[in-house]
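S.K.: Handing you this structure, nothing more for now.
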Amino acid sequence: MVQHQSVDWSSLPQPEDDGACAHLEGLRLPSLPLKATTGEMVDLAALKGTTVLYIYPMTARPDRPLPDGWEAIPGARGCTPQSCSFRDHFADLKAAGADHLFGLSTQASDYQLEAAERLHLPFALLSDENRSLATALELPTFEFDGKVLIKRVTLIIKDGQIRKSFYPVFPPDKNPADVIDWLAEQHT
């Protein structure tokens with residue numbers, strides 16, 4: 001199993017809550033099928049039960065250096081540690097009530113497939129390459145290196161309706177534990 005390198009989160013700029021996700025809780029998702037790394041199309045609005053959707057800017061590749069300036073962007077670093085942490089807590093998330101788990105970025109599905117295979121993810125990554133979901137939900141974005149990327153946010157969706165948003169997410173590798181705690185509180 002691939003492990004992620006330990007990151008000194010205290011050396012990176014922390015994202016601040018700018019209120020960009022305050023409108024999300026209670027929204028119903030639009031029907032927008034997204035390509036999954038399994039080759040299937042997934043319509044988050046049509047899924048029954050509880051879905052955990054963690055959204056991240058982009059996954060880097062181990063054979064390529066991080067783009068210049070990436071670590072200076074608050075909250076940008078940490079997509080691989082976040083994905084590995086969701087992988088490592090997959091059984092705990094299921095036990096806490098998550099019926100579905102997906103990661104999502106604006107990267108193309110074939111690019112995401114490399115990460116999903118390399119990291120041995122037991123769940124699919126979804127591509128919002130055209131930013132259809134990001135636009136429909138008015139998700140917070142930033143521009144970097146000529147690309148529009150989605151800021152890191154995690155959504156808990158129940159039968160197509162957003163019940164909880166985690167934003168900002170920092171440090172990213174602690175996000176699954178926060179999700180598990182929130183899910184557990186819902187069942188007590």
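Please note that chains go A, B, ... in the order of the structure tokens, that every chain numbers its residues from 1, and that ligands are numbered from 1 in the order shown.
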Would you tabulate, counting only C-alpha atoms, all residues of range 21-67 of chain A that have an atom at most 8 Å from an atom of range 96-109 of chain A, showing the closest pair of atoms and their distance in Å to one decimal, sorted by chain then ascending number, as a Markdown table?

M.R.:
```
| residue | atom | partner | partner_atom | distance |
| --- | --- | --- | --- | --- |
| A:Lys35 | CA | A:Ser109 | CA | 6.6 |
| A:Ala36 | CA | A:Ser109 | CA | 6.5 |
| A:Thr37 | CA | A:Ser109 | CA | 5.7 |
| A:Gly49 | CA | A:Asp99 | CA | 5.9 |
| A:Thr50 | CA | A:Ala98 | CA | 5.1 |
| A:Thr51 | CA | A:His100 | CA | 4.5 |
| A:Val52 | CA | A:Leu101 | CA | 4.8 |
| A:Leu53 | CA | A:Phe102 | CA | 5.0 |
| A:Tyr54 | CA | A:Gly103 | CA | 4.9 |
| A:Ile55 | CA | A:Leu104 | CA | 4.7 |
| A:Tyr56 | CA | A:Ser105 | CA | 5.5 |
| A:Pro57 | CA | A:Ser105 | CA | 5.8 |
| A:Met58 | CA | A:Ser105 | CA | 6.0 |
```

S.K.: Could you list, as an MDAnalysis selection string, every residue within 12 Å of Ser31 in chain A, counting only C-alpha atoms and ignoring same-chain residues fewer than 5 positions away?

M.R.: chainID A and resid 41:47 132:133 136:137 160:161

S.K.: May I have the selected residues written with N, CA and C atoms, as a PDB file, in the first residue's frame?

M.R.:
```
ATOM      1  N   MET A  41     -20.606   6.629 -15.106  1.00  0.00           N
ATOM      2  CA  MET A  41     -21.077   7.983 -14.854  1.00  0.00           C
ATOM      3  C   MET A  41     -21.836   7.930 -13.529  1.00  0.00           C
ATOM      4  N   VAL A  42     -21.533   8.864 -12.625  1.00  0.00           N
ATOM      5  CA  VAL A  42     -22.156   8.897 -11.306  1.00  0.00           C
ATOM      6  C   VAL A  42     -22.963  10.177 -11.168  1.00  0.00           C
ATOM      7  N   ASP A  43     -24.246  10.033 -10.858  1.00  0.00           N
ATOM      8  CA  ASP A  43     -25.126  11.166 -10.597  1.00  0.00           C
ATOM      9  C   ASP A  43     -25.323  11.252  -9.084  1.00  0.00           C
ATOM     10  N   LEU A  44     -24.589  12.147  -8.452  1.00  0.00           N
ATOM     11  CA  LEU A  44     -24.645  12.283  -6.998  1.00  0.00           C
ATOM     12  C   LEU A  44     -26.053  12.595  -6.496  1.00  0.00           C
ATOM     13  N   ALA A  45     -26.828  13.304  -7.292  1.00  0.00           N
ATOM     14  CA  ALA A  45     -28.192  13.673  -6.899  1.00  0.00           C
ATOM     15  C   ALA A  45     -29.107  12.461  -6.805  1.00  0.00           C
ATOM     16  N   ALA A  46     -28.780  11.398  -7.525  1.00  0.00           N
ATOM     17  CA  ALA A  46     -29.645  10.217  -7.576  1.00  0.00           C
ATOM     18  C   ALA A  46     -29.256   9.139  -6.570  1.00  0.00           C
ATOM     19  N   LEU A  47     -28.124   9.310  -5.886  1.00  0.00           N
ATOM     20  CA  LEU A  47     -27.680   8.277  -4.951  1.00  0.00           C
ATOM     21  C   LEU A  47     -28.534   8.270  -3.690  1.00  0.00           C
ATOM     22  N   SER A 132     -19.013  21.737 -14.044  1.00  0.00           N
ATOM     23  CA  SER A 132     -20.480  21.833 -14.049  1.00  0.00           C
ATOM     24  C   SER A 132     -21.039  21.784 -12.631  1.00  0.00           C
ATOM     25  N   LEU A 133     -20.531  20.871 -11.802  1.00  0.00           N
ATOM     26  CA  LEU A 133     -21.002  20.796 -10.415  1.00  0.00           C
ATOM     27  C   LEU A 133     -20.503  22.007  -9.628  1.00  0.00           C
ATOM     28  N   ALA A 136     -22.683  24.926 -10.617  1.00  0.00           N
ATOM     29  CA  ALA A 136     -24.065  24.785 -10.145  1.00  0.00           C
ATOM     30  C   ALA A 136     -24.176  25.024  -8.641  1.00  0.00           C
ATOM     31  N   LEU A 137     -23.170  24.564  -7.875  1.00  0.00           N
ATOM     32  CA  LEU A 137     -23.205  24.720  -6.419  1.00  0.00           C
ATOM     33  C   LEU A 137     -22.497  25.990  -5.939  1.00  0.00           C
ATOM     34  N   GLY A 160     -29.358  13.088  -1.978  1.00  0.00           N
ATOM     35  CA  GLY A 160     -29.293  14.199  -2.931  1.00  0.00           C
ATOM     36  C   GLY A 160     -29.306  15.591  -2.326  1.00  0.00           C
ATOM     37  N   GLN A 161     -29.354  15.705  -1.009  1.00  0.00           N
ATOM     38  CA  GLN A 161     -29.376  17.011  -0.351  1.00  0.00           C
ATOM     39  C   GLN A 161     -28.133  17.161   0.535  1.00  0.00           C
TER      40      GLN A 161
END
```

S.K.: Rounded to one decimal, what separation in Å do you get between CA of Leu113 in chain A and CA of Asp63 in chain A?

M.R.: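 Rounded to one decimal, the two atoms are 15.3 Å apart.
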
S.K.: When you draw a straight line from CA of Leu29 in chain A to CA of Phe142 in chain A, how long is it in Å?

M.R.: 21.9 Å
